[in-house]
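A.B. asks: One structure, as structure tokens, below. Some questions next.
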Amino acid sequence: MLTSKEYQGGAASIADKKKPVRVIAVTGGKGGVGKTNVSVNLAVSLAKMNQNVMLLDADLALANIDVLLGIQIKKDISHVLSGEADLDDIIIKGPAGIKIIPASSGVQQLTKLSQLELSGLVNAFSEVDKDLDVLIVDTAAGIGDDVLTFARASQEMILVVCDEPTSITDAYASIKAFSRDNQINHYKILVNMVRSSRDARETYAKLIRATDRFLDVTLEYVGYLPFDDHLKKAVQKQKSVVDVYPGCDVSKSFKKLAMQITDWPINNTANDQVKFFLERLVA
């Protein structure tokens, strides 16, 4: 993997195997970069590596993980906040055994909940994290308050970009906002929908030329996802591509990235609890 300060290469860090829960936000500067597909397929890839994975749909205005996977939901996180259900009641089992916490359109943003609701949500998460290895947070697109809040609360951020001028411009705007308003200075860059590794690295280079010139941040290149018609076919089937087409090129790339993730160091301030994530949301 590459960093903007060490673009020519560098070895991945090997983390100790005794780790607290890993909390990863997947975001994108704009809509249409494939962010939710990345979240879903990374979750399934990690689960296939015997990781206990929870996927939180944090796009509170336009929840769509359930649609992408063809899953019917009866209750969502709004019912937990209202006291109508426990967190265990709304968790859906997805492919490879991943646990999905669904959102719904019109849910009040976490940053605007009452203190009582926030306390209840933190306690709810602390009860389900005992065997959890990874929490993946699929944020909304853009730089709204909810996206900034989830980004700040997570330990790692994967920023999905495409080789398009608007994607690169919006990714830069997101990084600028995250670093200025939330002091987030490290970003893992995943280039999506490119033809080759060379195209992906050129896209990454375009982004770091802007950030290295104007911002005090570090970007870390973690790989790319190729154009692959199998992904479109999987979406049409409402399945994850790594589940229905495990041998295709993009599925192999997801598996490669998942293997990297298991070696990323984890911020030990998490204290082995997903509760840390929710507590940072309300801090």
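Ordering of the structure tokens sets the chain letters (A, B, ...), residue numbers begin anew at 1 in every chain, and ligands are numbered from 1 in the order given.
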Looking only at the backbone, which of the residues in stretch 33-244 of chain A does DSSP tag as strand (DSSP E), as a ChimeraX atom specification?

C.D. replies: /A:53-58,92-93,99-101,134-139,156-162,186-194,218-226

A.B. asks: Quick one: of A:Asp138, A:Asp89, A:Asp228, A:Asp57, who's nearest to A:Asn192, counting only C-alpha atoms?

C.D. replies: A:Asp228

A.B. asks: Going by DSSP on the backbone, which bits of stretch 39-275 of chain A are helix (DSSP H, G or I)? Write them as a VMD selection string, please.

C.D. replies: chain A and resid 39 to 47 65 to 68 77 to 81 87 to 90 95 to 97 110 to 112 115 to 128 145 to 153 165 to 182 197 to 214 229 to 237 241 to 244 249 to 261 268 to 270 275

A.B. asks: For each of A:Thr211, A:Asn52, A:Thr203, A:Asn41, take the minimum atom-to-atom distance to A:Lys99, counting only C-alpha atoms, then give the residue where this is smallest.

C.D. replies: A:Asn52

A.B. asks: What are the closest atom pairs, with distances in Å to one decimal, for all residues of stretch 207-273 of chain A lying within 7 Å of stretch 69-88 of chain A? Consider only C-alpha atoms, order rows by chain and residue number, and present the result as JSON lines.

C.D. replies:
{"residue": "A:Gln238", "atom": "CA", "partner": "A:Leu69", "partner_atom": "CA", "distance": 4.6}
{"residue": "A:Lys239", "atom": "CA", "partner": "A:Leu69", "partner_atom": "CA", "distance": 5.0}
{"residue": "A:Ser240", "atom": "CA", "partner": "A:Leu69", "partner_atom": "CA", "distance": 6.8}

A.B. asks: Store the residues picked out above in a file with C-alpha atoms, as a compact mmCIF listing (two decimals), in the first residue's frame.

C.D. replies:
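Final output, again.txt:
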# COMPACT_ATOMS: atom_id res chain seq x y z
CA GLN A 238 -29.81 -8.27 -5.49
CA LYS A 239 -26.82 -10.26 -4.26
CA SER A 240 -23.26 -9.44 -3.26

A.B. asks: Counting only C-alpha atoms, which residue out of A:Glu279, A:Glu202, A:Asp229, A:Asp181 sits closest to A:Asp249?

C.D. replies: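 The closest residue to A:Asp249 is A:Asp229.
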